[in-house]
$ cat final-v8.json   # JSON, C-alpha atoms
[["chain", "number", "residue", "atom", "x", "y", "z"],
["A", 32, "MET", "CA", -42.34, -130.23, -77.84],
["A", 33, "PRO", "CA", -43.69, -133.10, -75.72],
["A", 34, "LYS", "CA", -47.16, -132.76, -74.25],
["A", 35, "PHE", "CA", -46.08, -134.47, -71.02],
["A", 36, "GLU", "CA", -42.98, -135.41, -69.09],
["A", 37, "TYR", "CA", -41.98, -139.03, -68.40],
["A", 38, "PHE", "CA", -39.77, -137.97, -65.48],
["A", 39, "LYS", "CA", -40.08, -135.56, -62.60],
["A", 40, "ASP", "CA", -37.38, -135.05, -59.97],
["A", 41, "GLY", "CA", -35.37, -137.96, -61.40],
["A", 42, "ALA", "CA", -38.19, -140.53, -61.13],
["A", 43, "ILE", "CA", -41.12, -141.56, -63.30],
["A", 44, "ASN", "CA", -43.69, -138.79, -63.12],
["A", 45, "PRO", "CA", -46.61, -140.09, -60.98],
["A", 46, "GLU", "CA", -49.04, -137.91, -62.96],
["A", 47, "LEU", "CA", -48.20, -140.02, -66.01],
["A", 48, "VAL", "CA", -49.90, -143.13, -64.59],
["A", 49, "ASP", "CA", -52.71, -141.17, -63.01],
["A", 50, "LYS", "CA", -53.96, -137.92, -64.49],
["A", 51, "GLU", "CA", -52.32, -138.22, -67.93],
["A", 52, "ALA", "CA", -53.37, -141.85, -68.39],
["A", 53, "LYS", "CA", -56.97, -140.99, -67.45],
["A", 54, "ILE", "CA", -57.08, -138.08, -69.89],
["A", 55, "TRP", "CA", -56.04, -140.32, -72.79],
["A", 56, "ALA", "CA", -58.27, -143.23, -71.76],
["A", 57, "ASP", "CA", -61.20, -140.81, -71.77],
["A", 58, "LYS", "CA", -60.32, -139.90, -75.36],
["A", 59, "PHE", "CA", -60.06, -143.54, -76.44],
["A", 60, "VAL", "CA", -63.17, -144.73, -74.56],
["A", 61, "PRO", "CA", -65.43, -141.84, -73.53],
["A", 62, "LYS", "CA", -67.25, -142.74, -70.30],
["A", 63, "SER", "CA", -71.01, -142.18, -70.15],
["A", 64, "ASP", "CA", -71.00, -139.89, -73.15],
["A", 65, "PRO", "CA", -74.37, -139.98, -74.94],
["A", 66, "ARG", "CA", -72.51, -139.37, -78.19],
["A", 67, "ALA", "CA", -70.17, -142.33, -77.55],
["A", 68, "GLY", "CA", -72.01, -144.45, -80.09],
["A", 69, "LYS", "CA", -71.18, -141.89, -82.77],
["A", 70, "LEU", "CA", -67.57, -141.33, -81.75],
["A", 71, "LYS", "CA", -64.77, -143.53, -82.97],
["A", 72, "ILE", "CA", -63.47, -145.41, -79.94],
["A", 73, "ILE", "CA", -60.77, -148.02, -79.71],
["A", 74, "ASN", "CA", -62.01, -151.57, -79.41],
["A", 75, "SER", "CA", -60.58, -154.06, -76.96],
["A", 76, "ALA", "CA", -58.97, -156.20, -79.67],
["A", 77, "GLN", "CA", -56.91, -153.31, -81.02],
["A", 78, "LEU", "CA", -55.95, -152.05, -77.57],
["A", 79, "ARG", "CA", -54.84, -155.57, -76.55],
["A", 80, "ARG", "CA", -52.96, -155.96, -79.85],
["A", 81, "PHE", "CA", -50.86, -152.85, -79.34],
["A", 82, "TYR", "CA", -50.37, -153.44, -75.62],
["A", 83, "GLY", "CA", -49.42, -157.07, -76.35],
["A", 84, "ASP", "CA", -46.83, -155.93, -78.91],
["A", 85, "VAL", "CA", -45.24, -153.64, -76.32],
["A", 86, "LYS", "CA", -45.27, -156.31, -73.60],
["A", 87, "ARG", "CA", -43.63, -158.84, -75.97],
["A", 88, "LEU", "CA", -40.85, -156.33, -76.64],
["A", 89, "GLU", "CA", -40.43, -155.86, -72.89],
["A", 90, "THR", "CA", -40.19, -159.62, -72.36],
["A", 91, "ARG", "CA", -37.59, -159.96, -75.10],
["A", 92, "TRP", "CA", -35.56, -157.15, -73.56],
["A", 93, "LEU", "CA", -35.83, -158.34, -69.94],
["A", 94, "ASN", "CA", -35.03, -161.97, -70.75],
["A", 95, "SER", "CA", -31.79, -161.05, -72.50],
["A", 96, "ALA", "CA", -28.42, -161.52, -70.87],
["A", 97, "GLU", "CA", -27.20, -158.31, -72.49],
["A", 98, "LYS", "CA", -30.00, -155.84, -71.79],
["A", 99, "LYS", "CA", -28.21, -152.79, -73.26],
["A", 100, "LYS", "CA", -27.51, -154.57, -76.54],
["A", 101, "THR", "CA", -31.01, -156.03, -76.69],
["A", 102, "PHE", "CA", -32.61, -152.65, -76.05],
["A", 103, "SER", "CA", -30.81, -151.20, -79.05],
["A", 104, "GLU", "CA", -32.13, -154.15, -81.07],
["A", 105, "ILE", "CA", -35.75, -153.66, -79.98],
["A", 106, "LEU", "CA", -35.71, -149.86, -80.33],
["A", 107, "PRO", "CA", -36.46, -150.07, -84.08],
["A", 108, "MET", "CA", -39.42, -152.32, -83.28],
["A", 109, "ILE", "CA", -40.64, -149.78, -80.74],
["A", 110, "LYS", "CA", -40.37, -147.09, -83.43],
["A", 111, "LEU", "CA", -42.32, -149.39, -85.78],
["A", 112, "LEU", "CA", -45.38, -148.87, -83.55],
["A", 113, "LYS", "CA", -45.88, -145.55, -85.34],
["A", 114, "ALA", "CA", -46.26, -147.27, -88.71],
["A", 115, "LYS", "CA", -48.55, -149.92, -87.20],
["A", 116, "SER", "CA", -50.77, -147.28, -85.64],
["A", 117, "ALA", "CA", -50.90, -145.31, -88.91],
["A", 118, "TYR", "CA", -51.97, -148.46, -90.73],
["A", 119, "ALA", "CA", -54.61, -149.28, -88.08],
["A", 120, "TYR", "CA", -55.91, -145.71, -88.25],
["A", 121, "LYS", "CA", -56.11, -145.78, -92.05],
["A", 122, "ARG", "CA", -58.11, -149.02, -91.83],
["A", 123, "ASP", "CA", -60.44, -147.30, -89.32],
["A", 124, "LEU", "CA", -59.45, -149.71, -86.54],
["A", 125, "VAL", "CA", -58.23, -147.10, -84.05],
["A", 126, "PRO", "CA", -59.22, -143.46, -83.46],
["A", 127, "ASP", "CA", -56.88, -140.67, -84.42],
["A", 128, "SER", "CA", -56.37, -139.88, -80.73],
["A", 129, "PHE", "CA", -54.81, -143.32, -80.23],
["A", 130, "ARG", "CA", -52.55, -142.92, -83.27],
["A", 131, "GLU", "CA", -51.50, -139.50, -81.96],
["A", 132, "TRP", "CA", -50.79, -140.91, -78.48],
["A", 133, "ILE", "CA", -48.64, -143.74, -79.87],
["A", 134, "TRP", "CA", -46.66, -141.30, -82.03],
["A", 135, "ASP", "CA", -46.09, -138.84, -79.16],
["A", 136, "ASN", "CA", -44.85, -141.61, -76.90],
["A", 137, "VAL", "CA", -42.69, -143.44, -79.40],
["A", 138, "ASP", "CA", -40.99, -140.15, -80.26],
["A", 139, "GLN", "CA", -39.95, -139.81, -76.60],
["A", 140, "ILE", "CA", -38.42, -143.29, -76.26],
["A", 141, "HIS", "CA", -34.66, -143.08, -76.70],
["A", 142, "GLU", "CA", -33.28, -145.23, -73.92],
["A", 143, "GLU", "CA", -34.26, -147.96, -71.48],
["A", 144, "LYS", "CA", -35.63, -145.66, -68.80],
["A", 145, "ASP", "CA", -37.98, -144.05, -71.35],
["A", 146, "PHE", "CA", -39.30, -147.47, -72.35],
["A", 147, "LYS", "CA", -39.90, -148.38, -68.69],
["A", 148, "ALA", "CA", -41.89, -145.19, -68.20],
["A", 149, "PHE", "CA", -43.91, -145.85, -71.35],
["A", 150, "LEU", "CA", -44.68, -149.40, -70.18],
["A", 151, "LEU", "CA", -46.18, -148.11, -66.92],
["A", 152, "TYR", "CA", -48.03, -145.35, -68.75],
["A", 153, "PHE", "CA", -49.53, -147.77, -71.27],
["A", 154, "GLU", "CA", -50.57, -150.16, -68.49],
["A", 155, "ALA", "CA", -52.37, -147.31, -66.71],
["A", 156, "VAL", "CA", -54.12, -146.23, -69.92],
["A", 157, "VAL", "CA", -55.33, -149.79, -70.52],
["A", 158, "GLY", "CA", -56.68, -149.98, -66.96],
["A", 159, "PHE", "CA", -58.53, -146.69, -67.30],
["A", 160, "CYS", "CA", -59.95, -147.74, -70.68],
["A", 161, "TYR", "CA", -61.47, -150.85, -69.11],
["A", 162, "GLY", "CA", -62.61, -148.70, -66.18],
["A", 163, "ASN", "CA", -64.46, -146.52, -68.68],
["A", 164, "GLY", "CA", -66.42, -149.52, -69.87],
["A", 165, "LEU", "CA", -64.30, -150.99, -72.66],
["A", 166, "ARG", "CA", -65.53, -154.53, -73.21],
["A", 167, "ASP", "CA", -63.75, -157.55, -74.63],
["A", 168, "LYS", "CA", -65.18, -158.57, -77.96]]
$ encode --input "final-v8.json" --output "structure tokens"
Amino acid sequence: MPKFEYFKDGAINPELVDKEAKIWADKFVPKSDPRAGKLKIINSAQLRRFYGDVKRLETRWLNSAEKKKTFSEILPMIKLLKAKSAYAYKRDLVPDSFREWIWDNVDQIHEEKDFKAFLLYFEAVVGFCYGNGLRDK
């Protein structure tokens, strides 16, 4: 059962890029938490790596003459994000909350509209992470 809904009333759920994105960014980069030094947080390199992978897939899809066909070709690469996040987690490069978030989202992507919603959601999460004080390394 999904923890959130990509769509509400036939459109992308506005809470996804607001409230939901903030909740997850706070898990990845706790803001002003005195324990933050002891918690595993995502670093900017890993966040940019995963976000960059997703944006490259978007570019490949949008620049194709046959978007429907291309989406079916990139869908396996979207699903591959789960394996990449598991590997990054095992190597202690990302927190378990990030791995969990990637898995939950990838499991909900079945068609183009789902991918569009995920792109906006991921962009909002990245913005909130930097708003919480994530620094480039």
$ closest_residue --input "final-v8.json" --among "A:Ala114, A:Met108, A:Val156, A:Leu124" --to "Ile140 (chain A)" --atoms "all atoms listed in the file"
A:Met108
$ closest_residue --input "final-v8.json" --among "A:Gln77, A:Lys100, A:Asp135, A:Ile105" --to "Tyr118 (chain A)" --atoms "all atoms listed in the file"
A:Gln77
$ residues_around --input "final-v8.json" --residues "region 148-152 of chain A" --least-positions-apart "4" --cutoff "12 Å" --atoms "all atoms listed in the file" --output "PyMOL selection string"
chain A and resi 35-39+41-56+81-90+109+132-144+156-159
$ closest_residue --input "final-v8.json" --among "A:Lys99, A:Arg130, A:Asp40, A:Asn74" --to "Arg166 (chain A)" --atoms "only C-alpha atoms"
A:Asn74
$ atom_distance --input "final-v8.json" --atom1 "CA of Asp167 (chain A)" --atom2 "CA of Ser75 (chain A)"
5.3 Å
